[in-house]
>>> print(open('coords.txt').read())   # compact mmCIF, C-alpha atoms and all ligand atoms
# COMPACT_ATOMS: atom_id res chain seq x y z
CA MET A 1 -46.99 69.36 -7.52
CA GLY A 2 -48.17 66.34 -5.59
CA ARG A 3 -51.12 66.45 -3.25
CA VAL A 4 -49.86 64.03 -0.60
CA PHE A 5 -46.23 65.06 -0.21
CA LYS A 6 -45.05 68.52 0.65
CA GLU A 7 -42.56 70.12 -1.69
CA GLY A 8 -39.43 67.95 -1.45
CA GLY A 9 -41.36 65.61 0.82
CA GLU A 10 -40.56 62.47 -1.12
CA HIS A 11 -36.91 63.00 -0.29
CA ILE A 12 -37.76 62.87 3.43
CA PHE A 13 -38.78 59.23 2.92
CA SER A 14 -35.72 58.30 0.89
CA THR A 15 -32.54 56.74 2.21
CA GLY A 16 -30.61 59.91 1.44
CA TYR A 17 -32.37 61.84 4.18
CA VAL A 18 -30.75 61.79 7.62
CA PRO A 19 -33.34 62.45 10.33
CA ASP A 20 -32.78 65.03 13.07
CA GLU A 21 -34.08 62.69 15.72
CA LEU A 22 -33.45 58.98 16.24
CA PRO A 23 -36.21 57.77 18.56
CA HIS A 24 -35.36 54.55 20.42
CA ARG A 25 -31.67 54.76 19.67
CA GLU A 26 -30.84 57.22 22.45
CA GLU A 27 -29.20 54.51 24.52
CA GLN A 28 -27.00 53.23 21.69
CA ILE A 29 -25.93 56.78 20.83
CA LYS A 30 -25.04 57.54 24.43
CA GLN A 31 -23.07 54.33 24.87
CA LEU A 32 -21.06 54.94 21.76
CA VAL A 33 -20.36 58.60 22.55
CA ASP A 34 -19.19 57.59 26.04
CA ILE A 35 -16.89 54.89 24.67
CA ILE A 36 -15.30 57.31 22.22
CA ARG A 37 -15.00 60.03 24.87
CA ASP A 38 -13.18 57.64 27.21
CA GLY A 39 -10.90 56.65 24.38
CA LEU A 40 -10.06 60.23 23.44
CA GLU A 41 -9.87 61.70 26.92
CA VAL A 42 -8.55 58.97 29.19
CA ASP A 43 -6.89 56.70 26.65
CA ALA A 44 -9.04 53.70 27.49
CA TYR A 45 -10.43 52.23 24.30
CA HIS A 46 -11.78 48.87 23.33
CA VAL A 47 -13.18 48.57 19.83
CA PRO A 48 -16.99 48.63 20.05
CA ILE A 49 -19.07 46.45 17.77
CA LEU A 50 -22.52 47.55 16.66
CA TYR A 51 -24.74 44.77 15.45
CA GLY A 52 -28.31 44.33 14.28
CA GLU A 53 -30.46 43.31 11.34
CA THR A 54 -30.89 45.49 8.30
CA GLY A 55 -32.89 48.68 8.77
CA THR A 56 -32.39 48.92 12.52
CA GLY A 57 -30.62 52.28 12.42
CA LYS A 58 -26.93 51.32 12.71
CA THR A 59 -25.64 53.56 9.93
CA THR A 60 -27.83 56.46 10.97
CA THR A 61 -26.62 56.13 14.55
CA ILE A 62 -23.01 56.15 13.33
CA ILE A 63 -23.63 59.29 11.28
CA HIS A 64 -25.14 61.01 14.32
CA VAL A 65 -22.37 59.96 16.66
CA LEU A 66 -19.59 60.95 14.26
CA ASN A 67 -21.25 64.36 13.88
CA ILE A 68 -21.36 64.78 17.65
CA ILE A 69 -17.68 63.83 17.97
CA ASP A 70 -16.72 66.07 15.07
CA ARG A 71 -18.42 69.07 16.68
CA ARG A 72 -17.15 68.35 20.15
CA TYR A 73 -13.48 67.83 19.32
CA LYS A 74 -13.12 70.11 16.35
CA GLY A 75 -9.52 70.63 15.28
CA ARG A 76 -8.03 67.67 17.07
CA VAL A 77 -10.15 64.74 15.97
CA GLN A 78 -11.15 63.64 12.48
CA VAL A 79 -14.07 61.34 11.74
CA LYS A 80 -15.06 59.11 8.84
CA ARG A 81 -17.42 56.30 7.92
CA VAL A 82 -16.26 53.71 5.41
CA ASN A 83 -18.80 51.55 3.64
CA ALA A 84 -17.20 48.12 3.55
CA THR A 85 -19.57 46.77 0.93
CA ILE A 86 -17.86 49.16 -1.49
CA LYS A 87 -14.42 49.17 0.14
CA ASN A 88 -14.67 45.44 0.44
CA ARG A 89 -11.01 44.52 0.95
CA SER A 90 -8.87 45.52 3.90
CA TYR A 91 -6.52 47.26 1.47
CA LEU A 92 -9.31 49.36 -0.04
CA ALA A 93 -10.84 50.24 3.32
CA ILE A 94 -7.51 51.27 4.84
CA THR A 95 -6.56 53.27 1.74
CA ASP A 96 -9.89 55.06 1.90
CA LEU A 97 -9.27 55.91 5.55
CA ALA A 98 -5.69 57.02 4.97
CA GLU A 99 -6.52 59.25 2.01
CA LYS A 100 -8.08 61.77 4.33
CA PHE A 101 -4.54 62.52 5.54
CA ILE A 102 -1.90 61.26 3.18
CA PRO A 103 -1.55 60.69 -0.56
CA VAL A 104 -1.65 57.00 -1.32
CA PRO A 105 -0.04 56.02 -4.65
CA PRO A 106 -2.18 53.62 -6.69
CA ARG A 107 0.23 50.72 -6.19
CA GLY A 108 3.39 49.93 -4.41
CA LEU A 109 2.58 50.37 -0.74
CA SER A 110 1.67 47.52 1.54
CA ILE A 111 -1.21 47.93 3.97
CA GLU A 112 1.27 48.03 6.83
CA GLU A 113 3.16 50.86 5.18
CA ILE A 114 -0.02 52.82 4.53
CA LEU A 115 -1.08 52.39 8.12
CA SER A 116 2.23 53.46 9.58
CA ARG A 117 2.42 56.51 7.30
CA LEU A 118 -1.08 57.41 8.40
CA TYR A 119 -0.07 56.94 12.00
CA ASP A 120 3.02 59.11 11.65
CA LYS A 121 1.01 61.84 9.97
CA LEU A 122 -1.58 61.79 12.74
CA ASP A 123 1.20 61.89 15.29
CA ILE A 124 2.87 64.92 13.68
CA GLN A 125 -0.45 66.75 13.37
CA ASP A 126 -1.45 65.75 16.88
CA MET A 127 -4.71 64.37 15.50
CA GLN A 128 -6.86 61.47 16.56
CA TYR A 129 -8.98 59.57 14.09
CA VAL A 130 -12.38 58.10 14.88
CA PHE A 131 -13.83 56.00 12.11
CA ALA A 132 -16.51 53.40 11.52
CA ILE A 133 -16.20 50.43 9.24
CA ASP A 134 -19.83 50.02 8.31
CA ASP A 135 -21.39 46.84 6.89
CA ALA A 136 -18.24 44.92 7.69
CA ASP A 137 -19.71 41.38 7.61
CA GLU A 138 -18.36 40.33 4.24
CA LEU A 139 -15.02 42.05 4.71
CA ILE A 140 -14.48 40.24 7.98
CA ARG A 141 -15.72 36.91 6.69
CA ARG A 142 -13.73 36.91 3.47
CA GLU A 143 -10.42 38.02 4.92
CA LYS A 144 -10.86 36.30 8.25
CA GLY A 145 -10.73 39.45 10.30
CA LYS A 146 -7.50 40.75 8.75
CA ILE A 147 -8.59 44.37 9.04
CA LEU A 148 -9.22 43.97 12.76
CA GLU A 149 -5.84 42.39 13.22
CA LEU A 150 -4.11 45.22 11.34
CA LEU A 151 -5.92 47.93 13.23
CA THR A 152 -5.21 46.48 16.64
CA ARG A 153 -1.62 45.51 15.91
CA ILE A 154 -0.54 48.97 14.77
CA GLU A 155 -1.45 50.40 18.17
CA GLU A 156 1.09 48.15 19.85
CA ASN A 157 3.97 49.90 18.09
CA TYR A 158 3.07 53.30 19.51
CA ASP A 159 2.65 54.49 23.04
CA ARG A 160 -0.42 56.59 22.36
CA ARG A 161 -3.63 55.56 20.65
CA LEU A 162 -4.47 57.55 17.57
CA LEU A 163 -6.93 55.29 15.76
CA PHE A 164 -10.39 54.65 17.15
CA PRO A 165 -12.21 52.13 15.01
CA ILE A 166 -15.89 51.26 15.36
CA ILE A 167 -17.09 48.07 13.71
CA VAL A 168 -20.64 47.70 12.35
CA VAL A 169 -22.09 44.33 11.32
CA ARG A 170 -25.48 42.78 10.79
CA ASN A 171 -24.49 39.57 12.44
CA LEU A 172 -21.89 38.71 15.07
CA LYS A 173 -21.28 35.23 13.74
CA TYR A 174 -18.25 36.09 11.57
CA ILE A 175 -16.61 37.94 14.43
CA ASP A 176 -17.28 35.14 16.87
CA ALA A 177 -15.73 32.68 14.42
CA LEU A 178 -12.39 34.55 14.34
CA PRO A 179 -9.29 33.15 16.03
CA SER A 180 -8.89 34.19 19.64
CA HIS A 181 -5.72 36.21 19.06
CA ILE A 182 -7.94 38.68 17.17
CA THR A 183 -11.08 38.58 19.28
CA SER A 184 -9.14 38.89 22.52
CA LYS A 185 -7.81 42.27 21.40
CA LEU A 186 -11.22 43.63 20.50
CA GLY A 187 -12.89 43.14 23.84
CA GLY A 188 -15.08 46.22 23.54
CA LEU A 189 -18.75 46.64 24.16
CA ARG A 190 -21.18 45.01 21.79
CA ILE A 191 -24.09 47.30 21.15
CA ALA A 192 -27.29 45.65 19.97
CA PHE A 193 -29.76 47.19 17.52
CA PRO A 194 -32.94 45.16 17.96
CA PRO A 195 -35.66 45.20 15.28
CA TYR A 196 -38.19 47.94 15.85
CA LYS A 197 -41.59 47.20 17.34
CA LYS A 198 -44.79 48.74 16.06
CA ARG A 199 -44.86 51.52 18.68
CA GLU A 200 -41.26 52.43 17.96
CA LEU A 201 -41.92 52.51 14.24
CA LYS A 202 -44.76 54.95 14.88
CA ASP A 203 -42.37 57.26 16.73
CA ILE A 204 -39.87 57.03 13.88
CA LEU A 205 -42.56 58.09 11.43
CA LYS A 206 -43.52 61.27 13.30
CA GLU A 207 -40.66 63.45 12.06
CA ARG A 208 -41.03 62.24 8.49
CA ILE A 209 -44.77 62.82 8.39
CA GLU A 210 -44.43 66.31 9.84
CA LYS A 211 -41.75 67.27 7.36
CA GLY A 212 -42.77 65.32 4.30
CA ILE A 213 -46.55 64.99 4.15
CA ARG A 214 -49.23 67.65 3.90
CA ASP A 215 -51.64 68.14 6.77
CA GLY A 216 -54.16 65.32 6.71
CA GLY A 217 -52.22 63.53 3.96
CA ILE A 218 -52.15 60.24 5.84
CA THR A 219 -54.72 58.67 8.15
CA GLN A 220 -54.06 57.14 11.55
CA ASN A 221 -55.33 53.82 10.23
CA ALA A 222 -52.76 53.92 7.44
CA ILE A 223 -50.04 54.43 10.04
CA GLU A 224 -51.40 51.55 12.13
CA CYS A 225 -51.53 49.31 9.09
CA ALA A 226 -48.00 50.15 7.90
CA THR A 227 -46.29 49.81 11.27
CA TYR A 228 -48.09 46.58 12.14
CA ASN A 229 -47.09 44.95 8.88
CA VAL A 230 -43.49 46.12 9.06
CA GLU A 231 -43.09 44.70 12.55
CA LYS A 232 -44.74 41.39 11.71
CA LEU A 233 -43.78 40.77 8.11
CA LEU A 234 -40.68 42.83 7.40
CA GLY A 235 -38.57 42.29 10.49
CA GLY A 236 -39.10 45.71 12.08
CA ASN A 237 -37.02 47.32 9.33
CA ALA A 238 -37.39 51.12 9.42
CA ARG A 239 -36.14 51.46 5.84
CA GLU A 240 -39.00 49.31 4.58
CA LEU A 241 -41.49 51.31 6.59
CA LEU A 242 -40.39 54.57 4.99
CA ASN A 243 -40.41 52.92 1.59
CA ILE A 244 -43.96 51.65 2.00
CA ILE A 245 -45.21 55.11 2.95
CA LEU A 246 -43.39 56.53 -0.07
CA MET A 247 -44.88 53.91 -2.41
CA ALA A 248 -48.36 54.37 -0.99
CA GLY A 249 -48.09 58.16 -1.31
CA LYS A 250 -47.01 57.93 -4.94
CA LEU A 251 -49.84 55.53 -5.65
CA VAL A 252 -52.37 57.99 -4.22
CA GLU A 253 -50.90 60.87 -6.21
CA ARG A 254 -50.97 58.82 -9.42
CA ARG A 255 -54.66 58.29 -8.85
CA GLY A 256 -55.25 61.97 -8.21
CA GLY A 257 -56.00 61.48 -4.50
CA ASP A 258 -54.71 63.51 -1.58
CA LYS A 259 -54.67 61.14 1.39
CA ILE A 260 -52.92 57.86 2.19
CA GLU A 261 -55.45 55.42 3.65
CA SER A 262 -54.87 51.94 4.94
CA GLU A 263 -55.93 50.34 1.66
CA HIS A 264 -53.11 52.20 -0.10
CA ILE A 265 -50.65 50.79 2.40
CA ARG A 266 -51.99 47.30 1.73
CA GLN A 267 -51.69 47.86 -2.00
CA ALA A 268 -48.16 49.22 -1.73
CA LEU A 269 -47.20 46.23 0.38
CA TYR A 270 -48.78 43.83 -2.02
CA GLU A 271 -47.15 45.40 -5.07
CA SER A 272 -43.70 45.76 -3.56
CA TYR A 273 -43.38 42.76 -1.33
CA SER A 274 -45.80 40.04 -2.37
CA SER A 275 -42.96 37.72 -3.33
CA ARG A 276 -41.66 37.88 0.23
CA LEU A 277 -45.03 37.66 1.93
CA SER A 278 -47.23 34.63 2.40
CA SER A 279 -48.55 32.92 -0.69
CA GLY A 280 -51.79 33.81 -2.39
CA LEU A 281 -55.18 33.44 -0.86
CA THR A 282 -56.42 29.88 -1.08
CA ILE A 283 -59.97 28.96 -0.31
CA LYS A 284 -60.06 25.34 0.65
CA LYS A 285 -63.73 24.88 1.43
CA PRO A 286 -65.80 27.51 -0.33
CA ARG A 287 -68.99 26.38 1.39
CA ASP A 288 -67.51 26.88 4.79
CA LYS A 289 -69.35 29.36 6.98
CA LYS A 290 -66.17 31.17 7.90
CA TYR A 291 -65.55 32.18 4.29
CA ARG A 292 -69.05 33.59 4.08
CA VAL A 293 -68.36 35.62 7.21
CA LEU A 294 -65.07 36.77 5.74
CA TRP A 295 -66.78 37.74 2.53
CA ALA A 296 -69.34 39.84 4.42
CA ILE A 297 -66.59 41.54 6.43
CA TYR A 298 -64.58 42.27 3.30
CA LYS A 299 -67.67 43.61 1.56
CA VAL A 300 -67.92 46.25 4.27
CA LEU A 301 -64.19 46.95 4.16
CA HIS A 302 -64.35 47.22 0.40
CA GLU A 303 -66.70 50.15 0.82
CA GLU A 304 -64.72 51.76 3.64
CA GLN A 305 -61.19 51.29 2.52
CA ASP A 306 -59.50 53.22 5.26
CA LYS A 307 -60.68 50.75 7.89
CA TYR A 308 -57.91 48.83 9.57
CA TYR A 309 -59.43 47.58 12.80
CA ILE A 310 -62.57 45.51 12.60
CA ASP A 311 -64.85 47.16 15.13
CA ASP A 312 -68.43 46.54 16.26
CA GLU A 313 -69.82 48.76 13.57
CA ILE A 314 -68.18 46.70 10.82
CA ILE A 315 -69.37 43.50 12.44
CA GLN A 316 -72.93 44.81 12.68
CA GLU A 317 -72.95 45.82 9.01
CA ALA A 318 -71.37 42.56 7.93
CA PHE A 319 -73.98 40.65 9.86
CA GLU A 320 -76.79 42.45 8.02
CA ILE A 321 -75.12 41.76 4.68
CA TYR A 322 -74.68 38.10 5.59
CA LYS A 323 -78.35 37.67 6.43
CA THR A 324 -79.65 39.32 3.28
CA THR A 325 -77.11 37.72 0.94
CA PHE A 326 -77.13 34.14 2.11
CA GLN A 327 -80.56 33.95 3.67
CA ILE A 328 -79.42 31.23 6.04
CA GLU A 329 -80.13 31.40 9.75
CA ASP A 330 -76.83 29.81 10.82
CA LEU A 331 -74.97 32.83 12.22
CA ASN A 332 -75.15 34.78 15.47
CA LYS A 333 -73.66 38.23 15.42
CA GLU A 334 -71.84 37.43 18.66
CA ASP A 335 -69.99 34.58 17.00
CA ILE A 336 -68.36 36.72 14.31
CA PRO A 337 -65.37 37.90 16.36
CA ASP A 338 -64.57 34.33 17.35
CA ILE A 339 -64.76 33.14 13.77
CA LEU A 340 -62.40 35.95 12.71
CA LEU A 341 -60.09 35.28 15.61
CA ASP A 342 -59.96 31.68 14.58
CA MET A 343 -58.90 32.72 11.09
CA ALA A 344 -56.35 35.15 12.45
CA ILE A 345 -54.70 32.43 14.47
CA TYR A 346 -54.92 29.45 12.17
CA GLU A 347 -55.01 30.66 8.60
CA LYS A 348 -51.61 32.38 8.58
CA GLN A 349 -52.56 34.18 5.41
CA ASN A 350 -52.62 37.54 7.07
CA LEU A 351 -56.06 38.44 5.89
CA ILE A 352 -57.09 38.96 9.45
CA ALA A 353 -54.52 39.66 12.14
CA LEU A 354 -54.58 40.20 15.85
CA ASP A 355 -52.94 43.54 16.46
CA GLU A 356 -52.55 44.56 20.10
CA GLY A 357 -55.70 42.63 20.98
CA ARG A 358 -57.75 44.06 18.14
CA LEU A 359 -58.76 42.29 14.97
CA ALA A 360 -57.33 43.98 11.92
CA ALA A 361 -57.31 43.66 8.14
CA ALA A 362 -53.61 43.12 7.58
CA HIS A 363 -51.56 43.18 4.40
CA TYR A 364 -53.79 41.99 1.54
CA PRO A 365 -55.61 44.76 -0.34
CA VAL A 366 -59.26 44.45 0.63
CA SER A 367 -60.36 45.01 -2.95
CA LEU A 368 -58.33 41.99 -4.03
CA VAL A 369 -59.55 39.74 -1.23
CA PHE A 370 -63.14 40.76 -1.84
CA GLN A 371 -62.83 39.91 -5.51
CA ILE A 372 -61.20 36.52 -4.83
CA LEU A 373 -63.81 35.62 -2.25
CA THR A 374 -66.62 36.68 -4.54
CA ASN A 375 -65.23 34.56 -7.38
CA ASN A 376 -64.81 31.53 -5.17
CA LEU A 377 -67.84 31.54 -2.95
CA PHE A 378 -70.72 29.30 -3.83
CA PHE A 379 -73.78 31.40 -3.16
N1 LIG B 1 -34.55 55.42 15.17
C1 LIG B 1 -34.72 55.93 13.94
N2 LIG B 1 -35.29 57.13 13.79
C2 LIG B 1 -35.49 57.67 12.56
N3 LIG B 1 -35.14 57.06 11.42
C3 LIG B 1 -34.56 55.84 11.52
C4 LIG B 1 -34.32 55.22 12.78
N4 LIG B 1 -33.74 54.02 12.56
C5 LIG B 1 -33.63 53.90 11.25
N5 LIG B 1 -34.12 54.98 10.61
C6 LIG B 1 -34.17 55.18 9.17
O1 LIG B 1 -34.34 53.92 8.56
C7 LIG B 1 -33.49 53.77 7.44
C8 LIG B 1 -32.55 52.59 7.67
O2 LIG B 1 -31.65 52.91 8.73
P1 LIG B 1 -30.10 52.55 8.64
O3 LIG B 1 -29.62 52.71 7.25
O4 LIG B 1 -29.41 53.34 9.70
O5 LIG B 1 -30.15 51.02 9.03
P2 LIG B 1 -28.95 49.97 9.14
O6 LIG B 1 -29.12 49.29 10.45
O7 LIG B 1 -27.66 50.67 8.87
O8 LIG B 1 -29.30 48.95 7.98
P3 LIG B 1 -28.29 48.07 7.07
O9 LIG B 1 -27.84 46.93 7.92
O10 LIG B 1 -29.14 47.61 5.93
O11 LIG B 1 -27.15 48.95 6.63
C9 LIG B 1 -32.80 55.09 7.25
O12 LIG B 1 -33.51 55.85 6.29
C10 LIG B 1 -32.88 55.74 8.61
O13 LIG B 1 -32.93 57.14 8.50
MG MG B 2 -26.23 50.45 7.40
>>> encode(input="coords.txt", output="structure tokens")
Amino acid sequence: MGRVFKEGGEHIFSTGYVPDELPHREEQIKQLVDIIRDGLEVDAYHVPILYGETGTGKTTTIIHVLNIIDRRYKGRVQVKRVNATIKNRSYLAITDLAEKFIPVPPRGLSIEEILSRLYDKLDIQDMQYVFAIDDADELIRREKGKILELLTRIEENYDRRLLFPIIVVRNLKYIDALPSHITSKLGGLRIAFPPYKKRELKDILKERIEKGIRDGGITQNAIECATYNVEKLLGGNARELLNIILMAGKLVERRGGDKIESEHIRQALYESYSSRLSSGLTIKKPRDKKYRVLWAIYKVLHEEQDKYYIDDEIIQEAFEIYKTTFQIEDLNKEDIPDILLDMAIYEKQNLIALDEGRLAAAHYPVSLVFQILTNNLFF
């Protein structure tokens, strides 16, 4: 058994796990539940559109909301989520929806026929059907919104609404590009899923750490390091955050350790994402004082690999190392933060970052940076 994860803990960080809590999506959940309630109870429904970049919690929110609706209206409402990257034609998506109620022969029925049979069946059973078409970007783009047209048109033939679609996309651009006879009938609320900020990502992690990681199996600095990098480098994508913790945890276990530290996060990031991150470390002027300062800082970090923020203690130690190693009297201890700040702002290599006002060692593994600096510096 692993020493970082609890039994079954790795699953808690996988995409298959649906969290109990969805911090920072309370508002979106409430809006959507209210829209559906109004539709079901007072027959006022306009198709809502959920939109946001990948990993911002759209699918998870849908799963939560459909569960709420299912529990609340048991017996008279059915719910379903269709993944439109798999059911990537209107015909396939509608068939998938209809099959919950009626047998659909493999061929021979038009979409219109399937829809009206579904409608009749719902009508006879006195059922309403709330469903989400998730990841609908490609489906809408390729068929120019056909599915939206079909779903809104069918309602016009009946005096009571039985279908309650919810549309989920990453980007609104394909919907906005549709002809107005389609968009005018949608007219529902657009619910935004903004990328998560560092603080929000920390809240998202709480449940997973409690359930998936042993006591003391991850340090606060590792959490700081992971959430900072996901906000800044990976678009605030919660899926990537969970993946990085999972990768870092596995790495620690492979090495026989029992605690995820910030260096493991940096290594997991580097191994999994280096192609998407900034290019390798280049040292343009090896004789430059700032690289000597950086080297001294990274020498300290190399020995204390859980460090994430560069505090006074690190600066003091680095200063001593600088003096003894280079034996040049060209550095004041007080200047070190400014030199680092300068690198954080101008170098764009993410060796040093400014995180909430504090200097931090960002996504490069310190062991790697230390080695590169050592090989390049002219002592
Ligand atoms: N607020 C949150 N609280 C807890 N976990 C979250 C939250 N938001 C997202 N997650 C988790 O992050 C992962 C990605 O979320 P989800 O699949 O819902 O994103 P998405 O917006 O549907 O992304 P995509 O556009 O790629 O389909 C999931 O594992 C989900 O459980
Ligand atoms: Mg999704």
>>> residues_near_ligand(input="coords.txt", ligand="ligand LIG 1 (chain B)", cutoff="8 Å", atoms="all atoms listed in the file", output="ChimeraX atom specification")
/A:13-25,52-62,134-135,169-170,193,200-201,203-205,207,237-242
>>> residues_around(input="coords.txt", residues="A:Met343", least_positions_apart="2", cutoff="10 Å", atoms="all atoms listed in the file", output="JSON, numbers by chain")
{"A": [290, 291, 294, 337, 338, 339, 340, 341, 345, 346, 347, 348, 349, 350, 351, 352, 353, 354]}
>>> atom_distance(input="coords.txt", atom1="atom CA of A:Glu261", atom2="atom CA of A:Ile218")
6.2 Å
>>> closest_residue(input="coords.txt", among="A:Gly249, A:Gly188, A:Gly212, A:Pro179", to="A:Lys6", atoms="all atoms listed in the file")
A:Gly212
>>> closest_residue(input="coords.txt", among="A:Gly9, A:Pro194, A:Pro286, A:Gly235", to="A:Gly217", atoms="only C-alpha atoms")
A:Gly9
>>> closest_residue(input="coords.txt", among="A:Arg160, A:His11, A:Lys284, A:Arg81", to="ligand MG 2 (chain B)", atoms="all atoms listed in the file")
A:Arg81
>>> residues_around(input="coords.txt", residues="A:Tyr228", least_positions_apart="3", cutoff="8 Å", atoms="all atoms listed in the file", output="MDAnalysis selection string")
chainID A and resid 198 224:225 231:232 355 362
>>> atom_distance(input="coords.txt", atom1="atom CA of A:Val366", atom2="atom CA of A:Ser262")
9.7 Å
>>> residues_around(input="coords.txt", residues="A:Val252", least_positions_apart="6", cutoff="12 Å", atoms="only C-alpha atoms", output="ChimeraX atom specification")
/A:2-5,217-218,245-246,258-265,267-268
>>> atom_distance(input="coords.txt", atom1="atom CA of A:Ala84", atom2="atom CA of A:Ile140")
9.4 Å
>>> closest_residue(input="coords.txt", among="A:Val369, A:Ala177, A:Ala132, A:Ile182", to="A:Arg266", atoms="all atoms listed in the file")
A:Val369
